Each structure stands twice: as C-alpha cells, then as structure tokens.
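Taking it in order: structure first as structure tokens, then the write-up.
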Amino acid sequence: MNYLQIPLQAIPSQTVGVSLNSQQCSITLRELNGRQYLSLSINGAPICNNVLLQSSTSIIKAAYTGFVGDLIVIDSVGSDAPIYTGWGSRWSLIYNYA
C-alpha cells in the first residue's frame with residue numbers, strides 16, 4: 001500500500017487540485033453545521049458530492065465510480081471527526097493506493 005497526504009489549510013472551505021495516480025482531481029472540502037464534507041471530481045466529472053467525513057472511514061466506497069484508490073481521514077490524536085481548524089496538524093486527508 002502507498003499513501004500520499006493531501007496538503008490542506010486550516011480553513012472552513014477549500015478546493016485543492018491534485019494529481020492522484022495520474023487522475024487530475026479537484027477535492028472540495030466545506031463546513032456545514034460544524035461538520036466537514038468532501039466532494040471529488042476527476043477532469044471535471046463528479047465522483048462524489050458532499051460526503052460526510054469521519055475519521056478512519058473510507059470516503060470513496062465503490063469501485064464503479066472509476067476512482068483509482070481511496071481517500072481517508074486520519075486523526076493523529078484519536079478517532080474524532082475532523083474540524084477544519086485541525087487540518088494539516090491533527091487531521092490529515094490521505095490518498096491510499098496500491
């Protein structure tokens with residue numbers, strides 16, 4: 001297994017463009033009602049929209065989406081759901097690929 005940390009800022013909403021295993025991805029994180037949600041598109045085509053983020057839980061759960069690999073949130077202190085103020089310090093967004 002290989003891992004890559006997606007660089008994030010400690011802000012409530014952000015969009016990051018990143019190449020993941022030759023997939024041109026746009027990852028949008030946003031805060032709604034104090035919780036963090038993720039949307040992902042590849043080359044402008046949506047893969048998932050507003051998935052609630054939880055620690056240590058697979059975000060892209062179905063192979064039929066065409067996304068190679070998976071995204072997961074890691075909490076370095078425990079197993080709490082991410083809060084935007086901890087992106088890049090306590091919480092990391094990780095791309096996991098074989």
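Starting from 1 in every chain, residues are counted up; chains themselves are A, B, ... following the order of the structure tokens, and ligands are numbered from 1 as listed.
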
If we count only C-alpha atoms, what is near Ala10 (chain A) at a cut-off of 12 Å, once residues fewer than 4 positions away on the same chain are taken out, given as a list of chain:residue names? A:Gln14, A:Leu29, A:Arg30, A:Glu31, A:Gln36, A:Pro82, A:Ile83, A:Tyr84, A:Thr85, A:Gly86, A:Trp87, A:Gly88, A:Ser89, A:Arg90, A:Trp91, A:Ser92

Within 7 Å of region 41-52 of chain A, counting only C-alpha atoms, which residues show up once you throw out same-chain ones fewer than 5 positions away? Write them as a PyMOL selection string, please. chain A and resi 23-27+36+65

Hey, which of A:Tyr3, A:Leu93, A:Ser56, A:Lys61 ends up closest to Thr28 (chain A)? Count only C-alpha atoms.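 Closest candidate: A:Leu93.
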
Find the spatial neighbours of Asn96 (chain A), counting only C-alpha atoms, within a cut-off of 7 Å - ignore same-chain residues fewer than 6 positions away - and output them as a count of residues only. 7

Rounded to one decimal in Å, what is the spacing between CA of Ser13 (chain A) and CA of Tyr64 (chain A)?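 Separation between CA of Ser13 (chain A) and CA of Tyr64 (chain A): 27.5 Å.
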
As a PyMOL selection string, please: all residues of chain A that backbone DSSP puts in strand (DSSP E). chain A and resi 2-6+14-20+23-32+35-42+45-52+70-75+91-97

Could you write out the selected residues, including N, CA and C atoms, as a short mmCIF file (atom, residue, chain, number, x, y, z; two decimals), in the first residue's frame?
```cif
data_model
loop_
_atom_site.label_atom_id
_atom_site.label_comp_id
_atom_site.auth_asym_id
_atom_site.auth_seq_id
_atom_site.Cartn_x
_atom_site.Cartn_y
_atom_site.Cartn_z
N ASN A 2 0.44 2.24 -0.72
CA ASN A 2 1.14 3.52 -0.77
C ASN A 2 0.21 4.61 -0.29
N TYR A 3 0.78 5.63 0.34
CA TYR A 3 -0.01 6.71 0.90
C TYR A 3 0.56 8.04 0.47
N LEU A 4 -0.34 9.01 0.28
CA LEU A 4 0.05 10.37 -0.04
C LEU A 4 -0.85 11.31 0.74
N GLN A 5 -0.25 12.23 1.51
CA GLN A 5 -1.04 13.20 2.25
C GLN A 5 -1.40 14.36 1.33
N ILE A 6 -2.69 14.70 1.31
CA ILE A 6 -3.18 15.83 0.52
C ILE A 6 -2.96 17.10 1.34
N GLN A 14 -12.39 24.88 1.18
CA GLN A 14 -11.25 24.98 0.28
C GLN A 14 -11.39 23.97 -0.85
N THR A 15 -10.73 24.29 -1.96
CA THR A 15 -10.66 23.37 -3.08
C THR A 15 -9.19 23.18 -3.43
N VAL A 16 -8.81 21.92 -3.59
CA VAL A 16 -7.42 21.57 -3.88
C VAL A 16 -7.40 20.79 -5.19
N GLY A 17 -6.55 21.22 -6.11
CA GLY A 17 -6.31 20.47 -7.34
C GLY A 17 -5.07 19.64 -7.15
N VAL A 18 -5.17 18.34 -7.43
CA VAL A 18 -4.04 17.45 -7.21
C VAL A 18 -4.13 16.27 -8.18
N SER A 19 -2.95 15.81 -8.62
CA SER A 19 -2.89 14.61 -9.45
C SER A 19 -2.67 13.41 -8.53
N LEU A 20 -3.61 12.48 -8.57
CA LEU A 20 -3.54 11.28 -7.75
C LEU A 20 -3.48 10.07 -8.67
N GLN A 23 -4.63 10.77 -12.05
CA GLN A 23 -6.01 11.26 -12.11
C GLN A 23 -5.99 12.73 -11.72
N GLN A 24 -6.44 13.62 -12.60
CA GLN A 24 -6.47 15.05 -12.30
C GLN A 24 -7.71 15.32 -11.45
N CYS A 25 -7.50 15.50 -10.15
CA CYS A 25 -8.60 15.58 -9.19
C CYS A 25 -8.79 16.99 -8.66
N SER A 26 -10.03 17.30 -8.38
CA SER A 26 -10.41 18.51 -7.67
C SER A 26 -11.15 18.05 -6.42
N ILE A 27 -10.58 18.38 -5.27
CA ILE A 27 -11.17 17.99 -3.98
C ILE A 27 -11.65 19.25 -3.30
N THR A 28 -12.93 19.28 -2.98
CA THR A 28 -13.52 20.42 -2.27
C THR A 28 -13.95 19.97 -0.89
N LEU A 29 -13.48 20.70 0.11
CA LEU A 29 -13.90 20.47 1.49
C LEU A 29 -14.71 21.68 1.91
N ARG A 30 -15.81 21.42 2.59
CA ARG A 30 -16.62 22.54 3.09
C ARG A 30 -17.20 22.17 4.44
N GLU A 31 -17.44 23.20 5.21
CA GLU A 31 -18.05 23.03 6.52
C GLU A 31 -19.53 23.34 6.42
N LEU A 32 -20.34 22.42 6.92
CA LEU A 32 -21.79 22.61 7.02
C LEU A 32 -22.22 22.18 8.41
N ARG A 35 -19.62 20.40 10.60
CA ARG A 35 -19.03 19.14 10.12
C ARG A 35 -18.34 19.38 8.78
N GLN A 36 -17.37 18.57 8.46
CA GLN A 36 -16.64 18.68 7.21
C GLN A 36 -17.18 17.68 6.18
N TYR A 37 -17.36 18.17 4.94
CA TYR A 37 -17.87 17.35 3.83
C TYR A 37 -16.90 17.45 2.67
N LEU A 38 -16.80 16.38 1.89
CA LEU A 38 -15.88 16.32 0.77
C LEU A 38 -16.62 16.02 -0.53
N SER A 39 -16.23 16.74 -1.58
CA SER A 39 -16.67 16.44 -2.94
C SER A 39 -15.43 16.22 -3.78
N LEU A 40 -15.52 15.28 -4.73
CA LEU A 40 -14.38 14.93 -5.57
C LEU A 40 -14.82 14.85 -7.02
N SER A 41 -14.02 15.44 -7.90
CA SER A 41 -14.24 15.27 -9.33
C SER A 41 -12.91 14.94 -9.99
N ILE A 42 -13.00 14.20 -11.11
CA ILE A 42 -11.83 13.87 -11.92
C ILE A 42 -12.07 14.46 -13.30
N ALA A 45 -15.50 15.71 -13.97
CA ALA A 45 -16.62 14.78 -13.81
C ALA A 45 -16.78 14.42 -12.33
N PRO A 46 -17.96 14.67 -11.74
CA PRO A 46 -18.15 14.38 -10.32
C PRO A 46 -18.06 12.89 -10.01
N ILE A 47 -17.34 12.59 -8.93
CA ILE A 47 -17.22 11.22 -8.42
C ILE A 47 -18.08 11.06 -7.17
N CYS A 48 -18.04 12.07 -6.29
CA CYS A 48 -18.89 12.07 -5.10
C CYS A 48 -19.13 13.53 -4.70
N ASN A 49 -20.26 13.77 -4.06
CA ASN A 49 -20.62 15.12 -3.62
C ASN A 49 -21.04 15.12 -2.16
N ASN A 50 -20.42 16.00 -1.40
CA ASN A 50 -20.79 16.25 0.00
C ASN A 50 -20.87 14.99 0.84
N VAL A 51 -19.78 14.22 0.85
CA VAL A 51 -19.67 13.05 1.70
C VAL A 51 -19.22 13.51 3.08
N LEU A 52 -19.97 13.14 4.11
CA LEU A 52 -19.61 13.48 5.49
C LEU A 52 -18.31 12.79 5.87
N ASP A 70 -8.33 5.29 -2.80
CA ASP A 70 -9.33 5.73 -1.85
C ASP A 70 -8.79 6.92 -1.07
N LEU A 71 -9.70 7.65 -0.46
CA LEU A 71 -9.35 8.76 0.43
C LEU A 71 -9.83 8.40 1.82
N ILE A 72 -9.05 8.81 2.82
CA ILE A 72 -9.39 8.53 4.21
C ILE A 72 -8.86 9.69 5.07
N VAL A 73 -9.58 9.98 6.15
CA VAL A 73 -9.14 11.00 7.11
C VAL A 73 -8.49 10.27 8.29
N ILE A 74 -7.31 10.74 8.67
CA ILE A 74 -6.59 10.18 9.81
C ILE A 74 -6.52 11.23 10.92
N ASP A 75 -6.93 10.83 12.12
CA ASP A 75 -6.85 11.68 13.31
C ASP A 75 -5.61 11.25 14.08
N TRP A 91 -5.64 16.52 11.89
CA TRP A 91 -6.27 15.67 10.87
C TRP A 91 -5.56 15.78 9.55
N SER A 92 -5.44 14.63 8.87
CA SER A 92 -4.82 14.57 7.55
C SER A 92 -5.77 13.87 6.59
N LEU A 93 -5.81 14.36 5.36
CA LEU A 93 -6.53 13.68 4.30
C LEU A 93 -5.51 12.88 3.51
N ILE A 94 -5.71 11.57 3.47
CA ILE A 94 -4.73 10.65 2.89
C ILE A 94 -5.30 9.96 1.66
N TYR A 95 -4.50 9.92 0.59
CA TYR A 95 -4.83 9.13 -0.59
C TYR A 95 -4.12 7.79 -0.44
N ASN A 96 -4.88 6.72 -0.52
CA ASN A 96 -4.37 5.37 -0.36
C ASN A 96 -4.49 4.65 -1.69
N TYR A 97 -3.38 4.13 -2.20
CA TYR A 97 -3.41 3.43 -3.48
C TYR A 97 -2.43 2.27 -3.45
#
```
